[in-house]
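What's in model-v7.txt: compact mmCIF, N, CA and C atoms
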```
# COMPACT_ATOMS: atom_id res chain seq x y z
N MET A 1 134.75 86.17 86.22
CA MET A 1 133.40 85.63 86.37
C MET A 1 132.77 86.23 87.63
N VAL A 2 131.50 86.54 87.59
CA VAL A 2 130.77 87.11 88.71
C VAL A 2 130.27 85.98 89.61
N THR A 3 130.58 86.06 90.90
CA THR A 3 130.14 85.03 91.83
C THR A 3 128.69 85.25 92.22
N SER A 4 128.05 84.22 92.77
CA SER A 4 126.65 84.36 93.21
C SER A 4 126.54 85.40 94.33
N GLN A 5 127.54 85.49 95.17
CA GLN A 5 127.53 86.49 96.24
C GLN A 5 127.58 87.90 95.64
N GLU A 6 128.44 88.11 94.62
CA GLU A 6 128.51 89.41 93.98
C GLU A 6 127.20 89.72 93.26
N ARG A 7 126.59 88.71 92.63
CA ARG A 7 125.33 88.91 91.92
C ARG A 7 124.22 89.27 92.92
N ALA A 8 124.21 88.64 94.08
CA ALA A 8 123.20 88.94 95.10
C ALA A 8 123.34 90.39 95.55
N PHE A 9 124.57 90.87 95.69
CA PHE A 9 124.78 92.26 96.08
C PHE A 9 124.22 93.19 95.01
N VAL A 10 124.47 92.87 93.76
CA VAL A 10 124.02 93.71 92.66
C VAL A 10 122.50 93.79 92.62
N THR A 11 121.81 92.69 92.90
CA THR A 11 120.36 92.68 92.76
C THR A 11 119.63 93.21 93.99
N GLN A 12 120.29 93.38 95.10
CA GLN A 12 119.62 93.80 96.32
C GLN A 12 120.21 95.07 96.94
N PRO A 13 120.31 96.14 96.17
CA PRO A 13 120.85 97.36 96.78
C PRO A 13 119.86 97.96 97.76
N LYS A 14 120.39 98.65 98.74
CA LYS A 14 119.53 99.40 99.65
C LYS A 14 120.32 100.60 100.14
N ILE A 15 119.61 101.68 100.33
CA ILE A 15 120.21 102.92 100.79
C ILE A 15 119.31 103.48 101.87
N ASP A 16 119.91 103.86 102.97
CA ASP A 16 119.15 104.47 104.06
C ASP A 16 119.48 105.96 104.11
N ILE A 17 118.44 106.77 104.13
CA ILE A 17 118.58 108.22 104.32
C ILE A 17 117.64 108.57 105.46
N GLY A 18 118.20 108.76 106.62
CA GLY A 18 117.39 109.04 107.80
C GLY A 18 116.41 107.91 108.05
N SER A 19 115.15 108.23 108.11
CA SER A 19 114.09 107.25 108.38
C SER A 19 113.61 106.53 107.12
N PHE A 20 114.28 106.76 106.00
CA PHE A 20 113.82 106.24 104.71
C PHE A 20 114.79 105.18 104.20
N ARG A 21 114.30 103.98 103.97
CA ARG A 21 115.11 102.89 103.41
C ARG A 21 114.66 102.67 101.98
N PHE A 22 115.57 102.92 101.05
CA PHE A 22 115.32 102.74 99.63
C PHE A 22 115.71 101.32 99.23
N LEU A 23 114.76 100.58 98.71
CA LEU A 23 114.97 99.22 98.24
C LEU A 23 114.74 99.20 96.73
N PRO A 24 115.02 98.10 96.05
CA PRO A 24 114.89 98.08 94.59
C PRO A 24 113.50 98.45 94.07
N SER A 25 112.44 98.14 94.81
CA SER A 25 111.11 98.44 94.29
C SER A 25 110.21 99.10 95.32
N SER A 26 110.81 99.70 96.34
CA SER A 26 109.98 100.38 97.34
C SER A 26 110.84 101.27 98.23
N VAL A 27 110.16 102.10 98.99
CA VAL A 27 110.79 102.88 100.06
C VAL A 27 110.01 102.57 101.32
N ILE A 28 110.72 102.21 102.36
CA ILE A 28 110.09 101.94 103.65
C ILE A 28 110.39 103.13 104.56
N VAL A 29 109.33 103.70 105.12
CA VAL A 29 109.47 104.84 106.01
C VAL A 29 109.31 104.35 107.43
N ALA A 30 110.35 104.56 108.24
CA ALA A 30 110.31 104.14 109.64
C ALA A 30 109.67 105.25 110.47
N GLY A 31 108.66 104.88 111.23
CA GLY A 31 108.00 105.85 112.09
C GLY A 31 107.24 106.89 111.31
N LYS A 32 107.14 108.09 111.90
CA LYS A 32 106.42 109.20 111.27
C LYS A 32 107.32 110.43 111.26
N PRO A 33 108.28 110.44 110.33
CA PRO A 33 109.19 111.59 110.30
C PRO A 33 108.44 112.88 109.96
N PRO A 34 108.89 113.99 110.52
CA PRO A 34 108.24 115.28 110.24
C PRO A 34 108.45 115.68 108.77
N LEU A 35 107.59 116.55 108.30
CA LEU A 35 107.62 117.00 106.91
C LEU A 35 109.01 117.43 106.46
N VAL A 36 109.73 118.15 107.29
CA VAL A 36 111.04 118.68 106.93
C VAL A 36 112.02 117.56 106.56
N GLU A 37 111.83 116.36 107.08
CA GLU A 37 112.74 115.25 106.80
C GLU A 37 112.43 114.55 105.47
N TRP A 38 111.32 114.86 104.84
CA TRP A 38 110.93 114.21 103.59
C TRP A 38 111.64 114.83 102.38
N ALA A 39 112.00 116.10 102.44
CA ALA A 39 112.57 116.80 101.27
C ALA A 39 113.85 116.14 100.77
N GLY A 40 114.79 115.86 101.65
CA GLY A 40 116.07 115.27 101.24
C GLY A 40 115.91 113.94 100.52
N PRO A 41 115.20 112.97 101.12
CA PRO A 41 115.02 111.69 100.43
C PRO A 41 114.27 111.82 99.10
N LEU A 42 113.26 112.68 99.06
CA LEU A 42 112.52 112.85 97.81
C LEU A 42 113.41 113.49 96.74
N GLN A 43 114.18 114.51 97.11
CA GLN A 43 115.10 115.14 96.16
C GLN A 43 116.15 114.13 95.69
N PHE A 44 116.61 113.28 96.61
CA PHE A 44 117.57 112.23 96.25
C PHE A 44 116.97 111.29 95.21
N ALA A 45 115.72 110.86 95.42
CA ALA A 45 115.07 109.94 94.48
C ALA A 45 114.91 110.59 93.11
N LEU A 46 114.52 111.85 93.09
CA LEU A 46 114.37 112.55 91.81
C LEU A 46 115.72 112.73 91.11
N TRP A 47 116.75 113.02 91.88
CA TRP A 47 118.09 113.17 91.35
C TRP A 47 118.58 111.84 90.77
N CYS A 48 118.33 110.76 91.48
CA CYS A 48 118.73 109.43 90.99
C CYS A 48 118.04 109.09 89.68
N GLN A 49 116.76 109.39 89.62
CA GLN A 49 115.99 109.10 88.41
C GLN A 49 116.60 109.82 87.21
N ARG A 50 117.01 111.04 87.41
CA ARG A 50 117.57 111.84 86.33
C ARG A 50 119.01 111.43 86.00
N ALA A 51 119.77 111.07 87.02
CA ALA A 51 121.19 110.76 86.84
C ALA A 51 121.45 109.30 86.44
N SER A 52 120.53 108.40 86.77
CA SER A 52 120.83 106.97 86.60
C SER A 52 121.15 106.54 85.18
N PRO A 53 120.54 107.08 84.13
CA PRO A 53 120.97 106.65 82.79
C PRO A 53 122.45 106.94 82.53
N TRP A 54 122.92 108.09 83.05
CA TRP A 54 124.35 108.43 82.90
C TRP A 54 125.20 107.47 83.70
N TRP A 55 124.81 107.22 84.96
CA TRP A 55 125.58 106.30 85.80
C TRP A 55 125.68 104.93 85.14
N ILE A 56 124.54 104.44 84.66
CA ILE A 56 124.51 103.11 84.03
C ILE A 56 125.41 103.10 82.80
N GLY A 57 125.26 104.08 81.93
CA GLY A 57 126.07 104.13 80.72
C GLY A 57 127.56 104.23 81.01
N ASP A 58 127.93 105.11 81.94
CA ASP A 58 129.35 105.26 82.29
C ASP A 58 129.90 103.98 82.93
N LEU A 59 129.11 103.35 83.80
CA LEU A 59 129.56 102.09 84.42
C LEU A 59 129.70 100.98 83.39
N LEU A 60 128.75 100.90 82.45
CA LEU A 60 128.84 99.89 81.40
C LEU A 60 130.10 100.09 80.55
N ASN A 61 130.35 101.32 80.13
CA ASN A 61 131.53 101.60 79.31
C ASN A 61 132.83 101.29 80.07
N SER A 62 132.90 101.72 81.31
CA SER A 62 134.10 101.49 82.11
C SER A 62 134.26 100.00 82.44
N GLY A 63 133.16 99.35 82.83
CA GLY A 63 133.22 97.92 83.15
C GLY A 63 133.61 97.08 81.95
N ASP A 64 133.06 97.42 80.78
CA ASP A 64 133.43 96.70 79.56
C ASP A 64 134.92 96.86 79.28
N ALA A 65 135.43 98.07 79.47
CA ALA A 65 136.85 98.32 79.23
C ALA A 65 137.74 97.53 80.18
N HIS A 66 137.28 97.36 81.43
CA HIS A 66 138.08 96.66 82.44
C HIS A 66 137.94 95.14 82.40
N PHE A 67 136.72 94.65 82.15
CA PHE A 67 136.45 93.22 82.31
C PHE A 67 136.00 92.50 81.05
N GLY A 68 135.72 93.22 79.99
CA GLY A 68 135.28 92.60 78.74
C GLY A 68 133.96 91.87 78.88
N GLU A 69 133.85 90.72 78.23
CA GLU A 69 132.62 89.94 78.19
C GLU A 69 132.08 89.57 79.57
N ASP A 70 132.94 89.28 80.52
CA ASP A 70 132.48 88.89 81.87
C ASP A 70 131.58 89.95 82.49
N PHE A 71 131.85 91.21 82.17
CA PHE A 71 131.11 92.30 82.80
C PHE A 71 129.63 92.30 82.42
N SER A 72 129.31 91.90 81.20
CA SER A 72 127.92 91.93 80.74
C SER A 72 127.01 91.05 81.60
N GLN A 73 127.56 90.04 82.27
CA GLN A 73 126.76 89.15 83.12
C GLN A 73 126.19 89.86 84.34
N VAL A 74 126.83 90.93 84.77
CA VAL A 74 126.39 91.66 85.96
C VAL A 74 124.97 92.20 85.78
N CYS A 75 124.62 92.57 84.56
CA CYS A 75 123.32 93.20 84.29
C CYS A 75 122.25 92.23 83.82
N ASN A 76 122.58 90.98 83.62
CA ASN A 76 121.62 90.01 83.08
C ASN A 76 120.29 90.05 83.81
N GLY A 77 119.22 90.24 83.04
CA GLY A 77 117.87 90.19 83.59
C GLY A 77 117.39 91.43 84.31
N HIS A 78 118.21 92.46 84.43
CA HIS A 78 117.79 93.66 85.16
C HIS A 78 117.11 94.68 84.26
N VAL A 79 117.63 94.84 83.07
CA VAL A 79 117.12 95.80 82.10
C VAL A 79 117.31 95.16 80.73
N SER A 80 116.48 95.51 79.77
CA SER A 80 116.61 94.93 78.44
C SER A 80 117.98 95.25 77.86
N ALA A 81 118.48 94.33 77.05
CA ALA A 81 119.78 94.54 76.40
C ALA A 81 119.73 95.79 75.52
N GLU A 82 118.60 96.04 74.90
CA GLU A 82 118.45 97.22 74.04
C GLU A 82 118.61 98.51 74.86
N MET A 83 117.98 98.57 76.03
CA MET A 83 118.09 99.78 76.85
C MET A 83 119.51 99.95 77.37
N LEU A 84 120.14 98.86 77.77
CA LEU A 84 121.53 98.94 78.23
C LEU A 84 122.43 99.47 77.11
N GLN A 85 122.20 99.02 75.89
CA GLN A 85 122.99 99.49 74.75
C GLN A 85 122.77 100.97 74.50
N ARG A 86 121.53 101.44 74.69
CA ARG A 86 121.26 102.88 74.52
C ARG A 86 121.99 103.70 75.58
N TYR A 87 121.91 103.26 76.85
CA TYR A 87 122.62 103.98 77.92
C TYR A 87 124.12 104.04 77.60
N GLU A 88 124.65 102.89 77.22
CA GLU A 88 126.09 102.79 76.94
C GLU A 88 126.48 103.69 75.76
N SER A 89 125.69 103.65 74.70
CA SER A 89 125.99 104.42 73.50
C SER A 89 125.94 105.93 73.76
N VAL A 90 124.88 106.39 74.41
CA VAL A 90 124.75 107.83 74.67
C VAL A 90 125.86 108.30 75.61
N ALA A 91 126.16 107.53 76.64
CA ALA A 91 127.22 107.91 77.57
C ALA A 91 128.58 107.94 76.88
N ARG A 92 128.81 107.04 75.93
CA ARG A 92 130.08 106.99 75.20
C ARG A 92 130.17 108.17 74.22
N ARG A 93 129.06 108.52 73.58
CA ARG A 93 129.08 109.53 72.52
C ARG A 93 128.97 110.96 73.04
N VAL A 94 128.36 111.14 74.22
CA VAL A 94 128.22 112.48 74.80
C VAL A 94 129.13 112.53 76.03
N PRO A 95 130.31 113.13 75.87
CA PRO A 95 131.26 113.15 76.99
C PRO A 95 130.74 113.97 78.18
N PRO A 96 131.21 113.66 79.37
CA PRO A 96 130.74 114.38 80.57
C PRO A 96 130.80 115.90 80.45
N GLU A 97 131.81 116.42 79.79
CA GLU A 97 131.92 117.87 79.69
C GLU A 97 130.83 118.48 78.80
N ASN A 98 130.16 117.68 78.01
CA ASN A 98 129.05 118.19 77.18
C ASN A 98 127.69 118.06 77.88
N ARG A 99 127.61 117.27 78.90
CA ARG A 99 126.33 116.99 79.56
C ARG A 99 125.85 118.19 80.37
N ARG A 100 124.54 118.39 80.33
CA ARG A 100 123.92 119.51 81.04
C ARG A 100 122.97 118.97 82.09
N ASP A 101 123.22 119.29 83.35
CA ASP A 101 122.36 118.83 84.44
C ASP A 101 120.91 119.27 84.26
N SER A 102 120.72 120.41 83.63
CA SER A 102 119.36 120.96 83.50
C SER A 102 118.55 120.28 82.40
N LEU A 103 119.20 119.49 81.56
CA LEU A 103 118.51 118.83 80.45
C LEU A 103 118.36 117.34 80.72
N SER A 104 117.34 116.76 80.15
CA SER A 104 117.07 115.33 80.35
C SER A 104 118.07 114.47 79.59
N TRP A 105 118.13 113.21 79.98
CA TRP A 105 118.96 112.25 79.27
C TRP A 105 118.47 112.13 77.83
N SER A 106 117.16 112.19 77.61
CA SER A 106 116.59 112.11 76.26
C SER A 106 117.09 113.25 75.37
N ALA A 107 117.26 114.42 75.95
CA ALA A 107 117.81 115.54 75.17
C ALA A 107 119.23 115.22 74.71
N HIS A 108 119.99 114.62 75.60
CA HIS A 108 121.36 114.25 75.24
C HIS A 108 121.38 113.12 74.21
N ALA A 109 120.44 112.19 74.34
CA ALA A 109 120.34 111.12 73.34
C ALA A 109 120.06 111.71 71.97
N ALA A 110 119.30 112.80 71.93
CA ALA A 110 118.96 113.44 70.66
C ALA A 110 120.18 114.00 69.95
N VAL A 111 121.18 114.44 70.69
CA VAL A 111 122.38 115.04 70.07
C VAL A 111 123.55 114.08 69.97
N ALA A 112 123.39 112.86 70.43
CA ALA A 112 124.51 111.91 70.51
C ALA A 112 125.18 111.64 69.16
N ARG A 113 124.44 111.74 68.08
CA ARG A 113 125.01 111.47 66.74
C ARG A 113 125.87 112.62 66.22
N LEU A 114 125.76 113.76 66.84
CA LEU A 114 126.49 114.94 66.37
C LEU A 114 127.93 114.94 66.85
N PRO A 115 128.82 115.65 66.13
CA PRO A 115 130.18 115.85 66.64
C PRO A 115 130.11 116.61 67.97
N HIS A 116 131.11 116.44 68.81
CA HIS A 116 131.09 117.00 70.17
C HIS A 116 130.83 118.51 70.19
N GLU A 117 131.47 119.26 69.31
CA GLU A 117 131.28 120.72 69.29
C GLU A 117 129.83 121.06 68.96
N GLN A 118 129.27 120.35 68.01
CA GLN A 118 127.87 120.60 67.63
C GLN A 118 126.92 120.19 68.76
N GLN A 119 127.28 119.15 69.50
CA GLN A 119 126.48 118.75 70.67
C GLN A 119 126.39 119.92 71.64
N ARG A 120 127.55 120.52 71.93
CA ARG A 120 127.57 121.64 72.89
C ARG A 120 126.70 122.79 72.41
N VAL A 121 126.78 123.11 71.13
CA VAL A 121 125.98 124.21 70.57
C VAL A 121 124.49 123.90 70.73
N MET A 122 124.08 122.70 70.33
CA MET A 122 122.66 122.34 70.39
C MET A 122 122.17 122.27 71.84
N LEU A 123 122.97 121.72 72.73
CA LEU A 123 122.55 121.63 74.13
C LEU A 123 122.47 123.02 74.76
N ASP A 124 123.41 123.90 74.39
CA ASP A 124 123.34 125.28 74.87
C ASP A 124 122.04 125.95 74.42
N LYS A 125 121.69 125.75 73.15
CA LYS A 125 120.45 126.34 72.63
C LYS A 125 119.23 125.74 73.33
N ALA A 126 119.25 124.44 73.56
CA ALA A 126 118.13 123.79 74.24
C ALA A 126 117.94 124.38 75.63
N GLU A 127 119.05 124.62 76.32
CA GLU A 127 118.97 125.26 77.65
C GLU A 127 118.44 126.68 77.54
N LYS A 128 119.02 127.44 76.64
CA LYS A 128 118.67 128.86 76.49
C LYS A 128 117.21 129.06 76.10
N TYR A 129 116.72 128.25 75.17
CA TYR A 129 115.37 128.44 74.64
C TYR A 129 114.33 127.51 75.26
N GLY A 130 114.75 126.65 76.18
CA GLY A 130 113.81 125.75 76.85
C GLY A 130 113.21 124.70 75.94
N TRP A 131 113.99 124.23 74.96
CA TRP A 131 113.49 123.22 74.04
C TRP A 131 113.22 121.90 74.74
N SER A 132 112.14 121.26 74.40
CA SER A 132 111.86 119.91 74.88
C SER A 132 112.75 118.94 74.11
N SER A 133 112.82 117.70 74.56
CA SER A 133 113.60 116.68 73.85
C SER A 133 113.09 116.50 72.43
N GLU A 134 111.78 116.57 72.27
CA GLU A 134 111.17 116.40 70.95
C GLU A 134 111.59 117.53 70.00
N VAL A 135 111.55 118.76 70.49
CA VAL A 135 111.97 119.90 69.68
C VAL A 135 113.45 119.76 69.33
N LEU A 136 114.25 119.39 70.31
CA LEU A 136 115.69 119.22 70.09
C LEU A 136 115.96 118.14 69.05
N ARG A 137 115.23 117.04 69.11
CA ARG A 137 115.37 115.97 68.10
C ARG A 137 115.11 116.53 66.70
N GLY A 138 114.07 117.35 66.58
CA GLY A 138 113.76 117.97 65.29
C GLY A 138 114.87 118.88 64.81
N LYS A 139 115.43 119.67 65.71
CA LYS A 139 116.53 120.59 65.36
C LYS A 139 117.76 119.79 64.93
N VAL A 140 118.02 118.66 65.60
CA VAL A 140 119.15 117.81 65.22
C VAL A 140 118.92 117.22 63.84
N ARG A 141 117.70 116.75 63.58
CA ARG A 141 117.38 116.21 62.24
C ARG A 141 117.61 117.28 61.17
N GLU A 142 117.15 118.49 61.45
CA GLU A 142 117.37 119.60 60.49
C GLU A 142 118.85 119.85 60.27
N SER A 143 119.61 119.84 61.36
CA SER A 143 121.03 120.07 61.28
C SER A 143 121.73 118.99 60.45
N LEU A 144 121.36 117.74 60.68
CA LEU A 144 121.97 116.63 59.95
C LEU A 144 121.57 116.64 58.47
N ALA A 145 120.39 117.17 58.19
CA ALA A 145 119.92 117.27 56.81
C ALA A 145 120.49 118.52 56.10
N GLY A 146 121.16 119.37 56.87
CA GLY A 146 121.72 120.59 56.28
C GLY A 146 120.75 121.73 56.19
N VAL A 147 119.64 121.64 56.95
CA VAL A 147 118.63 122.70 56.95
C VAL A 147 118.89 123.59 58.16
N GLY A 148 118.75 124.89 58.01
CA GLY A 148 118.87 125.82 59.13
C GLY A 148 120.22 125.90 59.61
```
Could you write out this structure as C-alpha cells?
Amino acid sequence: MVTSQERAFVTQPKIDIGSFRFLPSSVIVAGKPPLVEWAGPLQFALWCQRASPWWIGDLLNSGDAHFGEDFSQVCNGHVSAEMLQRYESVARRVPPENRRDSLSWSAHAAVARLPHEQQRVMLDKAEKYGWSSEVLRGKVRESLAGVG
C-alpha cells in the first residue's frame, strides 16, 4: 500500500538545474541567468517531453510486475487511465532495442501491433524517409492489410 508520505513525494517532484527549478506545472528562474545557461534546462525539458511516455510506460510495466494492484494507486488522478494504458501497452509491445530516439512516441505507437522484426523495418524506413507518424500509421495499415 502507498503511504500518504510516498504519495506526496510522487505528486510534488522538483528538479533544479542551475538557476532553474522545475516544478509540476512551472519553472522558476532564480535571478537573471545569462543566455548560455538557458540551453541546458531547455534541452532537458524538451528531452523529458519526448522521453516521458517511454519512462511512464516502462515504470508502469515494471511496477505492475513488482507490486501488482497496489502499484496502480501511485498514478491515481495524475493522468487518465486510458492514457496510462496506452503508455504501458506501447512500452510493453515495442522493446527498448526497437525504439528510435529520432522518432516520436506516436511513431512507435503506430508500429506497436506489428511483430518486433517488422517494427524495426518500419521504424528504419520512417527514419530513412522522414515519415511523419501519420504516414507511418498508413504504411502500417497497408502492411497489416497485405498491401505493398
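Among the candidate residues A:Gln43, A:Ser132, A:Ser52, A:Ser26, the one lying nearest to Tyr87 of chain A is A:Ser52, with distances computed using all atoms listed in the file.
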Taking the chain letters and numbering used in this document, name the residues of chain A that DSSP puts in strand (DSSP E or B), as a ChimeraX atom specification. /A:15-17,20-23,26-29
Å distance separating atom C of Val140 of chain A from atom N of Asp101 of chain A, one decimal place: 20.1 Å
Length of the atom N of Gly146 of chain A to atom N of Val111 of chain A vector [Å]: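 So the two atoms, atom N of Gly146 of chain A and atom N of Val111 of chain A, lie 14.7 Å apart.
Residues in contact with Ala110 of chain A at 8 Å, where only C-alpha atoms are counted and same-chain residues fewer than 4 positions away are skipped, are listed as Ser106, Ser133, Leu136, Arg137 and Val140 of chain A.
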Straight-line distance linking atom CA of Glu97 of chain A with atom C of His66 of chain A, stated in Å to one decimal: 23.7 Å
Could you pull out every residue with an atom within 7 Å of (132.6, 118.9, 73.4), file coordinates, counting all atoms listed in the file, and send them as a tab-separated table (two decimals) with N, CA and C atoms, in the frame of the given file?
```tsv
chain	number	residue	atom	x	y	z
A	95	PRO	N	130.31	113.13	75.87
A	95	PRO	CA	131.26	113.15	76.99
A	95	PRO	C	130.74	113.97	78.18
A	97	GLU	N	131.81	116.42	79.79
A	97	GLU	CA	131.92	117.87	79.69
A	97	GLU	C	130.83	118.48	78.80
A	98	ASN	N	130.16	117.68	78.01
A	98	ASN	CA	129.05	118.19	77.18
A	98	ASN	C	127.69	118.06	77.88
A	115	PRO	N	128.82	115.65	66.13
A	115	PRO	CA	130.18	115.85	66.64
A	115	PRO	C	130.11	116.61	67.97
A	116	HIS	N	131.11	116.44	68.81
A	116	HIS	CA	131.09	117.00	70.17
A	116	HIS	C	130.83	118.51	70.19
A	117	GLU	N	131.47	119.26	69.31
A	117	GLU	CA	131.28	120.72	69.29
A	117	GLU	C	129.83	121.06	68.96
A	118	GLN	N	129.27	120.35	68.01
A	118	GLN	CA	127.87	120.60	67.63
A	118	GLN	C	126.92	120.19	68.76
A	119	GLN	N	127.28	119.15	69.50
A	119	GLN	CA	126.48	118.75	70.67
A	119	GLN	C	126.39	119.92	71.64
A	120	ARG	N	127.55	120.52	71.93
A	120	ARG	CA	127.57	121.64	72.89
A	120	ARG	C	126.70	122.79	72.41
```
So which residues of chain A fall under helix (DSSP H, G or I) by DSSP, listed as a ChimeraX atom specification? /A:4-11,35-37,39-67,69-75,81-93,96-98,105-111,116-129,133-145
Closest of A:Pro33, A:Gly57, A:Gly138, A:Gly77 to Ser19 of chain A, counting only N, CA and C atoms, is A:Pro33
Using only N, CA and C atoms for the distances, tell me which of A:Arg100, A:Arg21, A:Glu69, A:Ala91 is nearest to Trp55 of chain A.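 Of A:Arg100, A:Arg21, A:Glu69, A:Ala91, the one nearest Trp55 of chain A is A:Ala91, counting only N, CA and C atoms.
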With 6 Å of padding per side, what axis-aligned box (centre and edge lengths, Å, one decimal) covers all the listed atoms of segment 33-36 of chain A? Give it as lines of an AutoDock Vina configuration file.
```
center_x = 109.8
center_y = 114.6
center_z = 108.5
size_x = 16.4
size_y = 20.2
size_z = 16.1
```
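Nearest-residue note for Ile28 of chain A: choosing from A:Pro96, A:Gly40, A:Gln49, A:Lys14, the minimum distance belongs to A:Lys14, counting only C-alpha atoms.
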Within 7 Å of (123.2, 120.1, 76.0), in the coordinates the file gives, what residues turn up when you count all atoms listed in the file, written out as a ChimeraX atom specification? /A:98-100,103,107-108,119-127
